[in-house]
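The data block below is final33.pdb; it holds PDB, C-alpha atoms, pLDDT in the B column.
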ATOM      1  CA  MET A   1     -21.914  -2.549  38.021  1.00 58.00           C
ATOM      2  CA  ARG A   2     -21.153  -3.950  34.577  1.00 56.00           C
ATOM      3  CA  ASN A   3     -22.445  -2.863  31.187  1.00 62.00           C
ATOM      4  CA  ASP A   4     -22.840  -5.098  28.138  1.00 77.00           C
ATOM      5  CA  TYR A   5     -20.245  -5.043  25.372  1.00 83.00           C
ATOM      6  CA  ARG A   6     -20.638  -2.053  23.066  1.00 89.00           C
ATOM      7  CA  HIS A   7     -19.195  -0.973  19.751  1.00 89.00           C
ATOM      8  CA  GLU A   8     -16.551   1.698  20.137  1.00 88.00           C
ATOM      9  CA  LEU A   9     -14.766   3.882  17.600  1.00 87.00           C
ATOM     10  CA  LYS A  10     -12.126   6.360  18.692  1.00 87.00           C
ATOM     11  CA  HIS A  11     -10.212   8.519  16.206  1.00 87.00           C
ATOM     12  CA  GLU A  12      -8.052  11.618  16.139  1.00 89.00           C
ATOM     13  CA  ILE A  13      -9.655  14.472  14.193  1.00 90.00           C
ATOM     14  CA  SER A  14      -8.686  18.036  13.348  1.00 90.00           C
ATOM     15  CA  TYR A  15      -9.736  21.104  15.298  1.00 92.00           C
ATOM     16  CA  SER A  16     -11.790  22.268  12.318  1.00 93.00           C
ATOM     17  CA  ASP A  17     -13.591  18.902  12.280  1.00 92.00           C
ATOM     18  CA  MET A  18     -14.456  19.396  15.934  1.00 94.00           C
ATOM     19  CA  LEU A  19     -15.920  22.841  15.243  1.00 95.00           C
ATOM     20  CA  LEU A  20     -17.971  21.373  12.401  1.00 94.00           C
ATOM     21  CA  LEU A  21     -19.280  18.526  14.549  1.00 95.00           C
ATOM     22  CA  GLN A  22     -20.153  20.925  17.365  1.00 94.00           C
ATOM     23  CA  LYS A  23     -22.539  22.593  14.927  1.00 94.00           C
ATOM     24  CA  ARG A  24     -23.903  19.419  13.321  1.00 94.00           C
ATOM     25  CA  LEU A  25     -24.432  17.119  16.297  1.00 95.00           C
ATOM     26  CA  PRO A  26     -26.914  19.273  18.285  1.00 94.00           C
ATOM     27  CA  ALA A  27     -29.279  19.180  15.306  1.00 94.00           C
ATOM     28  CA  VAL A  28     -29.993  15.474  15.946  1.00 94.00           C
ATOM     29  CA  MET A  29     -28.458  14.611  19.320  1.00 95.00           C
ATOM     30  CA  GLN A  30     -29.009  15.832  22.867  1.00 93.00           C
ATOM     31  CA  PRO A  31     -26.257  17.215  25.088  1.00 89.00           C
ATOM     32  CA  ASP A  32     -25.434  15.059  28.089  1.00 89.00           C
ATOM     33  CA  SER A  33     -27.419  16.321  31.076  1.00 84.00           C
ATOM     34  CA  HIS A  34     -24.337  16.031  33.302  1.00 84.00           C
ATOM     35  CA  ALA A  35     -22.383  18.570  31.246  1.00 87.00           C
ATOM     36  CA  ARG A  36     -22.127  22.177  32.359  1.00 86.00           C
ATOM     37  CA  ASP A  37     -22.409  24.545  29.402  1.00 88.00           C
ATOM     38  CA  GLY A  38     -21.993  21.494  27.190  1.00 92.00           C
ATOM     39  CA  THR A  39     -18.703  20.160  28.614  1.00 95.00           C
ATOM     40  CA  TYR A  40     -17.119  18.646  31.689  1.00 95.00           C
ATOM     41  CA  PHE A  41     -13.568  18.068  32.899  1.00 96.00           C
ATOM     42  CA  ILE A  42     -12.315  14.516  33.393  1.00 97.00           C
ATOM     43  CA  ARG A  43      -9.337  13.434  35.461  1.00 97.00           C
ATOM     44  CA  SER A  44      -8.274   9.785  35.565  1.00 97.00           C
ATOM     45  CA  LEU A  45      -5.530   7.898  37.368  1.00 96.00           C
ATOM     46  CA  TYR A  46      -4.479   4.892  35.291  1.00 95.00           C
ATOM     47  CA  PHE A  47      -2.888   1.715  36.629  1.00 96.00           C
ATOM     48  CA  ASP A  48      -0.157  -0.392  35.072  1.00 96.00           C
ATOM     49  CA  THR A  49       2.395  -3.042  35.988  1.00 96.00           C
ATOM     50  CA  PRO A  50       6.146  -2.428  36.405  1.00 95.00           C
ATOM     51  CA  GLY A  51       6.574  -3.862  32.911  1.00 94.00           C
ATOM     52  CA  ASP A  52       3.801  -1.651  31.461  1.00 93.00           C
ATOM     53  CA  ARG A  53       1.543  -4.523  30.487  1.00 94.00           C
ATOM     54  CA  ALA A  54      -1.522  -2.338  29.802  1.00 93.00           C
ATOM     55  CA  LEU A  55       0.496   0.070  27.670  1.00 91.00           C
ATOM     56  CA  CYS A  56       2.206  -2.678  25.675  1.00 91.00           C
ATOM     57  CA  GLU A  57      -1.038  -4.561  25.036  1.00 88.00           C
ATOM     58  CA  LYS A  58      -2.624  -1.376  23.713  1.00 86.00           C
ATOM     59  CA  LEU A  59       0.327  -0.519  21.461  1.00 83.00           C
ATOM     60  CA  ASP A  60       0.533  -4.118  20.204  1.00 86.00           C
ATOM     61  CA  GLY A  61      -3.201  -4.254  19.476  1.00 79.00           C
ATOM     62  CA  VAL A  62      -3.850  -7.281  21.698  1.00 86.00           C
ATOM     63  CA  ASN A  63      -7.371  -8.519  20.945  1.00 83.00           C
ATOM     64  CA  LYS A  64      -8.364  -9.200  24.560  1.00 89.00           C
ATOM     65  CA  ARG A  65      -7.160  -6.697  27.125  1.00 91.00           C
ATOM     66  CA  GLU A  66      -8.137  -4.919  30.328  1.00 94.00           C
ATOM     67  CA  LYS A  67      -7.163  -1.698  32.078  1.00 95.00           C
ATOM     68  CA  TYR A  68      -8.036  -0.139  35.417  1.00 98.00           C
ATOM     69  CA  ARG A  69      -8.439   3.519  36.284  1.00 98.00           C
ATOM     70  CA  ILE A  70      -9.905   5.824  38.921  1.00 98.00           C
ATOM     71  CA  ARG A  71     -11.973   8.687  37.485  1.00 97.00           C
ATOM     72  CA  PHE A  72     -13.857  11.761  38.646  1.00 96.00           C
ATOM     73  CA  TYR A  73     -15.336  14.865  37.070  1.00 96.00           C
ATOM     74  CA  ASP A  74     -14.976  18.649  37.402  1.00 95.00           C
ATOM     75  CA  HIS A  75     -12.671  18.195  40.423  1.00 93.00           C
ATOM     76  CA  ASP A  76     -15.669  16.986  42.462  1.00 94.00           C
ATOM     77  CA  PRO A  77     -14.577  14.273  44.955  1.00 95.00           C
ATOM     78  CA  GLY A  78     -18.207  13.526  45.769  1.00 95.00           C
ATOM     79  CA  PHE A  79     -18.504  11.176  42.780  1.00 95.00           C
ATOM     80  CA  ILE A  80     -15.473   8.971  42.155  1.00 98.00           C
ATOM     81  CA  ARG A  81     -15.437   5.625  40.356  1.00 97.00           C
ATOM     82  CA  LEU A  82     -13.072   2.747  39.937  1.00 98.00           C
ATOM     83  CA  GLU A  83     -13.413   1.538  36.349  1.00 98.00           C
ATOM     84  CA  LYS A  84     -12.238  -1.579  34.575  1.00 97.00           C
ATOM     85  CA  LYS A  85     -12.304  -1.261  30.783  1.00 94.00           C
ATOM     86  CA  SER A  86     -12.305  -4.531  28.819  1.00 93.00           C
ATOM     87  CA  ARG A  87     -11.863  -5.017  25.062  1.00 88.00           C
ATOM     88  CA  LEU A  88     -12.655  -8.148  23.074  1.00 86.00           C
ATOM     89  CA  ASN A  89     -12.946  -8.503  19.294  1.00 81.00           C
ATOM     90  CA  GLY A  90     -13.242  -4.748  18.861  1.00 78.00           C
ATOM     91  CA  LEU A  91     -16.050  -4.420  21.423  1.00 86.00           C
ATOM     92  CA  GLY A  92     -15.780  -2.731  24.796  1.00 89.00           C
ATOM     93  CA  THR A  93     -17.412  -2.976  28.195  1.00 92.00           C
ATOM     94  CA  LYS A  94     -16.886  -1.300  31.548  1.00 93.00           C
ATOM     95  CA  ASP A  95     -17.221  -2.456  35.151  1.00 96.00           C
ATOM     96  CA  THR A  96     -17.519   0.260  37.788  1.00 97.00           C
ATOM     97  CA  ALA A  97     -17.562   0.660  41.552  1.00 98.00           C
ATOM     98  CA  PRO A  98     -17.836   3.785  43.732  1.00 98.00           C
ATOM     99  CA  LEU A  99     -14.892   5.059  45.742  1.00 98.00           C
ATOM    100  CA  THR A 100     -14.469   7.700  48.419  1.00 97.00           C
ATOM    101  CA  LYS A 101     -11.691  10.272  48.420  1.00 97.00           C
ATOM    102  CA  GLU A 102     -10.164   8.596  51.470  1.00 97.00           C
ATOM    103  CA  GLU A 103     -10.142   5.213  49.719  1.00 98.00           C
ATOM    104  CA  VAL A 104      -8.455   6.697  46.666  1.00 97.00           C
ATOM    105  CA  LEU A 105      -5.767   8.286  48.814  1.00 96.00           C
ATOM    106  CA  SER A 106      -5.178   4.921  50.490  1.00 97.00           C
ATOM    107  CA  ILE A 107      -4.816   3.140  47.154  1.00 97.00           C
ATOM    108  CA  ALA A 108      -2.492   5.819  45.766  1.00 94.00           C
ATOM    109  CA  GLY A 109      -0.412   5.588  48.934  1.00 93.00           C
ATOM    110  CA  GLY A 110      -0.061   1.814  48.685  1.00 93.00           C
ATOM    111  CA  ASP A 111      -2.427   0.908  51.525  1.00 96.00           C
ATOM    112  CA  ILE A 112      -4.613  -1.723  49.837  1.00 97.00           C
ATOM    113  CA  SER A 113      -5.094  -4.497  52.410  1.00 97.00           C
ATOM    114  CA  TRP A 114      -8.620  -3.280  53.247  1.00 97.00           C
ATOM    115  CA  MET A 115      -9.698  -3.918  49.639  1.00 98.00           C
ATOM    116  CA  ALA A 116      -9.552  -7.678  50.178  1.00 97.00           C
ATOM    117  CA  GLU A 117     -12.617  -7.490  52.431  1.00 97.00           C
ATOM    118  CA  SER A 118     -14.574  -4.918  50.430  1.00 97.00           C
ATOM    119  CA  ASP A 119     -18.252  -5.514  49.670  1.00 97.00           C
ATOM    120  CA  ARG A 120     -17.557  -4.258  46.131  1.00 97.00           C
ATOM    121  CA  PRO A 121     -16.426  -7.152  43.883  1.00 97.00           C
ATOM    122  CA  LEU A 122     -14.408  -4.878  41.588  1.00 98.00           C
ATOM    123  CA  LEU A 123     -12.297  -3.640  44.500  1.00 98.00           C
ATOM    124  CA  ARG A 124     -11.599  -7.211  45.591  1.00 98.00           C
ATOM    125  CA  GLU A 125     -10.634  -8.023  42.007  1.00 98.00           C
ATOM    126  CA  LEU A 126      -8.315  -5.034  41.796  1.00 98.00           C
ATOM    127  CA  TYR A 127      -6.708  -6.040  45.097  1.00 98.00           C
ATOM    128  CA  THR A 128      -5.936  -9.504  43.717  1.00 98.00           C
ATOM    129  CA  VAL A 129      -4.513  -8.090  40.478  1.00 98.00           C
ATOM    130  CA  MET A 130      -2.372  -5.574  42.371  1.00 98.00           C
ATOM    131  CA  ARG A 131      -1.001  -8.310  44.634  1.00 97.00           C
ATOM    132  CA  THR A 132      -0.310 -10.832  41.862  1.00 97.00           C
ATOM    133  CA  THR A 133       0.962  -8.552  39.074  1.00 97.00           C
ATOM    134  CA  LEU A 134       2.243  -5.546  41.076  1.00 97.00           C
ATOM    135  CA  LEU A 135      -0.265  -3.348  39.248  1.00 97.00           C
ATOM    136  CA  ALA A 136      -0.110   0.173  40.696  1.00 96.00           C
ATOM    137  CA  PRO A 137      -1.254   3.751  39.978  1.00 95.00           C
ATOM    138  CA  LYS A 138       0.868   5.083  37.122  1.00 93.00           C
ATOM    139  CA  THR A 139      -0.286   8.218  35.303  1.00 92.00           C
ATOM    140  CA  ILE A 140      -2.843  11.005  35.567  1.00 95.00           C
ATOM    141  CA  VAL A 141      -4.734  11.905  32.373  1.00 95.00           C
ATOM    142  CA  ASP A 142      -6.773  15.133  32.096  1.00 96.00           C
ATOM    143  CA  TYR A 143      -9.061  16.349  29.327  1.00 97.00           C
ATOM    144  CA  THR A 144     -12.232  18.254  28.516  1.00 97.00           C
ATOM    145  CA  ARG A 145     -15.186  16.370  27.026  1.00 97.00           C
ATOM    146  CA  ARG A 146     -18.191  17.597  25.020  1.00 97.00           C
ATOM    147  CA  PRO A 147     -20.748  14.737  25.052  1.00 96.00           C
ATOM    148  CA  PHE A 148     -23.887  14.048  22.996  1.00 96.00           C
ATOM    149  CA  ILE A 149     -26.462  11.252  23.299  1.00 95.00           C
ATOM    150  CA  TYR A 150     -29.016   9.665  20.962  1.00 95.00           C
ATOM    151  CA  PRO A 151     -31.601   7.218  22.412  1.00 91.00           C
ATOM    152  CA  ALA A 152     -31.961   4.902  19.397  1.00 90.00           C
ATOM    153  CA  GLY A 153     -29.076   2.455  19.556  1.00 87.00           C
ATOM    154  CA  ASN A 154     -27.973   3.999  22.870  1.00 92.00           C
ATOM    155  CA  VAL A 155     -25.488   6.134  20.950  1.00 94.00           C
ATOM    156  CA  ARG A 156     -22.956   8.358  22.666  1.00 95.00           C
ATOM    157  CA  VAL A 157     -20.676  10.728  20.731  1.00 96.00           C
ATOM    158  CA  THR A 158     -17.966  12.658  22.546  1.00 96.00           C
ATOM    159  CA  LEU A 159     -15.381  15.232  21.529  1.00 97.00           C
ATOM    160  CA  ASP A 160     -12.329  15.188  23.812  1.00 97.00           C
ATOM    161  CA  TYR A 161      -9.666  17.894  23.747  1.00 96.00           C
ATOM    162  CA  ASN A 162      -7.030  19.675  25.836  1.00 96.00           C
ATOM    163  CA  ILE A 163      -5.593  16.266  26.730  1.00 96.00           C
ATOM    164  CA  ARG A 164      -2.840  16.663  29.306  1.00 95.00           C
ATOM    165  CA  THR A 165      -0.626  14.381  31.342  1.00 93.00           C
ATOM    166  CA  GLY A 166       0.356  14.689  34.969  1.00 89.00           C
ATOM    167  CA  LEU A 167       3.417  12.580  34.142  1.00 81.00           C
ATOM    168  CA  CYS A 168       4.124  10.283  37.107  1.00 80.00           C
ATOM    169  CA  SER A 169       2.071  12.229  39.652  1.00 84.00           C
ATOM    170  CA  LYS A 170      -0.607  10.480  41.713  1.00 88.00           C
ATOM    171  CA  GLU A 171      -2.023  13.706  43.208  1.00 91.00           C
ATOM    172  CA  LEU A 172      -5.482  13.133  41.781  1.00 94.00           C
ATOM    173  CA  PHE A 173      -7.196  15.769  43.921  1.00 95.00           C
ATOM    174  CA  ASP A 174      -4.733  18.624  43.413  1.00 94.00           C
ATOM    175  CA  PRO A 175      -6.558  21.217  41.226  1.00 90.00           C
ATOM    176  CA  ASP A 176      -3.229  22.968  40.631  1.00 91.00           C
ATOM    177  CA  LEU A 177      -1.383  19.836  39.574  1.00 93.00           C
ATOM    178  CA  PRO A 178       1.224  20.738  36.919  1.00 92.00           C
ATOM    179  CA  THR A 179       0.306  19.056  33.637  1.00 94.00           C
ATOM    180  CA  ILE A 180       1.581  19.280  30.082  1.00 93.00           C
ATOM    181  CA  PRO A 181      -0.292  18.767  26.792  1.00 93.00           C
ATOM    182  CA  VAL A 182       0.226  15.540  24.879  1.00 92.00           C
ATOM    183  CA  GLN A 183       2.015  15.609  21.552  1.00 88.00           C
ATOM    184  CA  ASN A 184       0.181  17.475  18.747  1.00 86.00           C
ATOM    185  CA  ASP A 185      -2.610  18.579  21.126  1.00 89.00           C
ATOM    186  CA  PRO A 186      -5.185  16.317  19.389  1.00 91.00           C
ATOM    187  CA  VAL A 187      -8.981  16.263  19.373  1.00 94.00           C
ATOM    188  CA  ILE A 188     -10.481  12.787  19.819  1.00 94.00           C
ATOM    189  CA  LEU A 189     -13.854  11.739  18.418  1.00 94.00           C
ATOM    190  CA  GLU A 190     -15.438   8.786  20.233  1.00 93.00           C
ATOM    191  CA  VAL A 191     -18.587   7.020  19.032  1.00 93.00           C
ATOM    192  CA  LYS A 192     -20.190   4.255  21.130  1.00 92.00           C
ATOM    193  CA  TRP A 193     -23.373   2.303  20.437  1.00 93.00           C
ATOM    194  CA  ASP A 194     -25.151  -0.961  21.210  1.00 91.00           C
ATOM    195  CA  GLY A 195     -26.716  -3.087  18.461  1.00 84.00           C
ATOM    196  CA  PHE A 196     -26.766  -0.546  15.630  1.00 88.00           C
ATOM    197  CA  LEU A 197     -25.527   2.915  14.703  1.00 90.00           C
ATOM    198  CA  PRO A 198     -28.373   4.969  13.168  1.00 91.00           C
ATOM    199  CA  ASP A 199     -27.650   6.223   9.658  1.00 91.00           C
ATOM    200  CA  VAL A 200     -28.229   9.834  10.667  1.00 92.00           C
ATOM    201  CA  ILE A 201     -25.390   9.617  13.194  1.00 93.00           C
ATOM    202  CA  ARG A 202     -23.173   7.623  10.866  1.00 90.00           C
ATOM    203  CA  ARG A 203     -23.492  10.310   8.199  1.00 91.00           C
ATOM    204  CA  ILE A 204     -22.705  13.148  10.598  1.00 92.00           C
ATOM    205  CA  VAL A 205     -19.535  11.553  11.984  1.00 90.00           C
ATOM    206  CA  ALA A 206     -18.360  10.251   8.585  1.00 83.00           C
ATOM    207  CA  ILE A 207     -15.502  12.732   8.326  1.00 62.00           C
ATOM    208  CA  GLU A 208     -11.970  12.173   7.130  1.00 54.00           C
ATOM    209  CA  THR A 209      -9.931  10.699   9.985  1.00 47.00           C
ATOM    210  CA  THR A 210      -6.891   8.576  10.466  1.00 46.00           C
ATOM    211  CA  GLN A 211      -8.479   5.148  10.868  1.00 51.00           C
ATOM    212  CA  GLN A 212      -6.260   4.212  13.799  1.00 56.00           C
ATOM    213  CA  ALA A 213      -7.698   4.049  17.294  1.00 68.00           C
ATOM    214  CA  TYR A 214      -6.282   6.607  19.705  1.00 79.00           C
ATOM    215  CA  SER A 215      -5.335   5.946  23.319  1.00 86.00           C
ATOM    216  CA  LYS A 216      -5.151   8.900  25.709  1.00 90.00           C
ATOM    217  CA  TYR A 217      -3.310   6.753  28.223  1.00 88.00           C
ATOM    218  CA  ALA A 218      -0.673   5.723  25.653  1.00 89.00           C
ATOM    219  CA  ALA A 219      -0.270   9.340  24.511  1.00 88.00           C
ATOM    220  CA  CYS A 220       0.265  10.471  28.094  1.00 87.00           C
ATOM    221  CA  ARG A 221       2.891   7.760  28.671  1.00 85.00           C
ATOM    222  CA  MET A 222       5.095   8.956  25.833  1.00 76.00           C
ATOM    223  CA  TYR A 223       6.794  11.402  28.217  1.00 67.00           C
ATOM    224  CA  ASP A 224       7.957   8.687  30.640  1.00 62.00           C
TER
END

Full structure transcribed into structure tokens:
Amino acid sequence: MRNDYRHELKHEISYSDMLLLQKRLPAVMQPDSHARDGTYFIRSLYFDTPGDRALCEKLDGVNKREKYRIRFYDHDPGFIRLEKKSRLNGLGTKDTAPLTKEEVLSIAGGDISWMAESDRPLLRELYTVMRTTLLAPKTIVDYTRRPFIYPAGNVRVTLDYNIRTGLCSKELFDPDLPTIPVQNDPVILEVKWDGFLPDVIRRIVAIETTQQAYSKYAACRMYD
């Protein structure tokens, strides 16, 4: 499944800003129905090439870039997705395909030949990229997310914190996986919308931030 390109802003904010937004946002936005007590845990396994193409393109600000990851929520292996994130001219889109726990373990273990015959186009695409560029699972990224939604403009605002790296581990399903926090233990504000960002949301999130996009994957790779 593929979504249309959306506007995306992602900035590091202070802990006090997060507390302020947690009070302001519920006044106009709804909590995501998938969140338990307002939050959920996200674990992702990111892919990269031996030469770290995805990391370098992000750090260099390449205008057109793609990255692949496997993601699931609250340590529940019943809902796992392969995701391909694409960026072009500051806009983002995401292709997704479902995966089973057994399929993820096969991919992480290097057994990918079955992907060539998959009925899911994204898996066949990933197989080709892995064969031609030596793309492979690289780094686990963990964090907690507090999400809010607003129907007009299909707006989604998230507050991500407790970002941790599993270093070079591929043990996606280990709930006791040793992880360490990324540098400065940041809070990340993400704002995504379609054609327009309503003024009421724009005013709420108009807080002082460093106007440089933040990459959780890049932050987690700094320990390599």

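For Gly78 of chain A, the non-local neighbours within 12 Å, defined as residues at least 3 positions apart in the same chain or in other chains and counting all atoms listed in the file, are Arg71, Phe72, Tyr73, Asp74, His75, Arg81, Pro98, Leu99, Thr100, Lys101, Glu102, Val104 and Phe173 of chain A.
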
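Restricting the calculation to only C-alpha atoms, the smallest distance between Glu83 of chain A and any of A:Ser118, A:Ser14, A:Asn162, A:Ser44 is found for A:Ser44.
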
Apply the PyMOL selection byres ((chain A and resi 97) around 10) to the file shown and report the selected residues as a PyMOL selection string. chain A and resi 1-2+70+80-84+95-96+98-99+120-123

Using only C-alpha atoms, find the one residue out of A:Asp160, A:Ile201, A:Pro181, A:Cys220 that sits nearest to Ile42 of chain A.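 Distance minimum relative to Ile42 of chain A lands on A:Asp160.
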
Determine, counting all atoms listed in the file, which protein, DNA and RNA residues have an atom within 12 Å of an atom of Tyr217 of chain A; residues of the same chain fewer than 4 positions away are not included. Present the result as a PyMOL selection string. chain A and resi 43-48+52+54-59+67-69+138-143+163-167+182+221-224

So that I have them on file, write out the residues from the current selection with C-alpha atoms, as a PDB file, in the frame of the given file.
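Done, and the output landed in out29.pdb:
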ATOM      1  CA  ARG A  43      -9.337  13.434  35.461  1.00 97.00           C
ATOM      2  CA  SER A  44      -8.274   9.785  35.565  1.00 97.00           C
ATOM      3  CA  LEU A  45      -5.530   7.898  37.368  1.00 96.00           C
ATOM      4  CA  TYR A  46      -4.479   4.892  35.291  1.00 95.00           C
ATOM      5  CA  PHE A  47      -2.888   1.715  36.629  1.00 96.00           C
ATOM      6  CA  ASP A  48      -0.157  -0.392  35.072  1.00 96.00           C
ATOM      7  CA  ASP A  52       3.801  -1.651  31.461  1.00 93.00           C
ATOM      8  CA  ALA A  54      -1.522  -2.338  29.802  1.00 93.00           C
ATOM      9  CA  LEU A  55       0.496   0.070  27.670  1.00 91.00           C
ATOM     10  CA  CYS A  56       2.206  -2.678  25.675  1.00 91.00           C
ATOM     11  CA  GLU A  57      -1.038  -4.561  25.036  1.00 88.00           C
ATOM     12  CA  LYS A  58      -2.624  -1.376  23.713  1.00 86.00           C
ATOM     13  CA  LEU A  59       0.327  -0.519  21.461  1.00 83.00           C
ATOM     14  CA  LYS A  67      -7.163  -1.698  32.078  1.00 95.00           C
ATOM     15  CA  TYR A  68      -8.036  -0.139  35.417  1.00 98.00           C
ATOM     16  CA  ARG A  69      -8.439   3.519  36.284  1.00 98.00           C
ATOM     17  CA  LYS A 138       0.868   5.083  37.122  1.00 93.00           C
ATOM     18  CA  THR A 139      -0.286   8.218  35.303  1.00 92.00           C
ATOM     19  CA  ILE A 140      -2.843  11.005  35.567  1.00 95.00           C
ATOM     20  CA  VAL A 141      -4.734  11.905  32.373  1.00 95.00           C
ATOM     21  CA  ASP A 142      -6.773  15.133  32.096  1.00 96.00           C
ATOM     22  CA  TYR A 143      -9.061  16.349  29.327  1.00 97.00           C
ATOM     23  CA  ILE A 163      -5.593  16.266  26.730  1.00 96.00           C
ATOM     24  CA  ARG A 164      -2.840  16.663  29.306  1.00 95.00           C
ATOM     25  CA  THR A 165      -0.626  14.381  31.342  1.00 93.00           C
ATOM     26  CA  GLY A 166       0.356  14.689  34.969  1.00 89.00           C
ATOM     27  CA  LEU A 167       3.417  12.580  34.142  1.00 81.00           C
ATOM     28  CA  VAL A 182       0.226  15.540  24.879  1.00 92.00           C
ATOM     29  CA  ARG A 221       2.891   7.760  28.671  1.00 85.00           C
ATOM     30  CA  MET A 222       5.095   8.956  25.833  1.00 76.00           C
ATOM     31  CA  TYR A 223       6.794  11.402  28.217  1.00 67.00           C
ATOM     32  CA  ASP A 224       7.957   8.687  30.640  1.00 62.00           C
TER      33      ASP A 224
END

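Excluding Arg6 of chain A itself and same-chain residues fewer than 5 positions from it, the residues having an atom within 10 Å of it are Arg87, Gly90, Leu91, Gly92, Thr93, Lys94, Asn154, Val155, Lys192, Trp193, Asp194, Gly195 and Phe196 of chain A, counting all atoms listed in the file.
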
On this structure, the PyMOL selection byres ((chain A and resi 15) around 12) would catch which residues? List them as an mmCIF file with C-alpha atoms, in the frame of the given file, sorted by chain and number.
data_model
loop_
_atom_site.group_PDB
_atom_site.id
_atom_site.type_symbol
_atom_site.label_atom_id
_atom_site.label_comp_id
_atom_site.auth_asym_id
_atom_site.auth_seq_id
_atom_site.Cartn_x
_atom_site.Cartn_y
_atom_site.Cartn_z
ATOM 1 C CA GLU A 12 -8.052 11.618 16.139
ATOM 2 C CA ILE A 13 -9.655 14.472 14.193
ATOM 3 C CA SER A 14 -8.686 18.036 13.348
ATOM 4 C CA SER A 16 -11.790 22.268 12.318
ATOM 5 C CA ASP A 17 -13.591 18.902 12.280
ATOM 6 C CA MET A 18 -14.456 19.396 15.934
ATOM 7 C CA LEU A 19 -15.920 22.841 15.243
ATOM 8 C CA LEU A 20 -17.971 21.373 12.401
ATOM 9 C CA LEU A 21 -19.280 18.526 14.549
ATOM 10 C CA GLN A 22 -20.153 20.925 17.365
ATOM 11 C CA LEU A 159 -15.381 15.232 21.529
ATOM 12 C CA ASP A 160 -12.329 15.188 23.812
ATOM 13 C CA TYR A 161 -9.666 17.894 23.747
ATOM 14 C CA ASN A 162 -7.030 19.675 25.836
ATOM 15 C CA ASN A 184 0.181 17.475 18.747
ATOM 16 C CA ASP A 185 -2.610 18.579 21.126
ATOM 17 C CA PRO A 186 -5.185 16.317 19.389
ATOM 18 C CA VAL A 187 -8.981 16.263 19.373
ATOM 19 C CA ILE A 188 -10.481 12.787 19.819
ATOM 20 C CA LEU A 189 -13.854 11.739 18.418
ATOM 21 C CA THR A 209 -9.931 10.699 9.985
#

What gap, in Å, lies between atom CA of Tyr40 of chain A and atom CA of Phe79 of chain A?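 Interatomic distance, atom CA of Tyr40 of chain A to atom CA of Phe79 of chain A: 13.4 Å.
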
Translate the PyMOL selection byres ((chain A and resi 9) around 6) into a concrete residue list for this structure, as JSON, numbers by chain. {"A": [8, 10, 190, 191]}
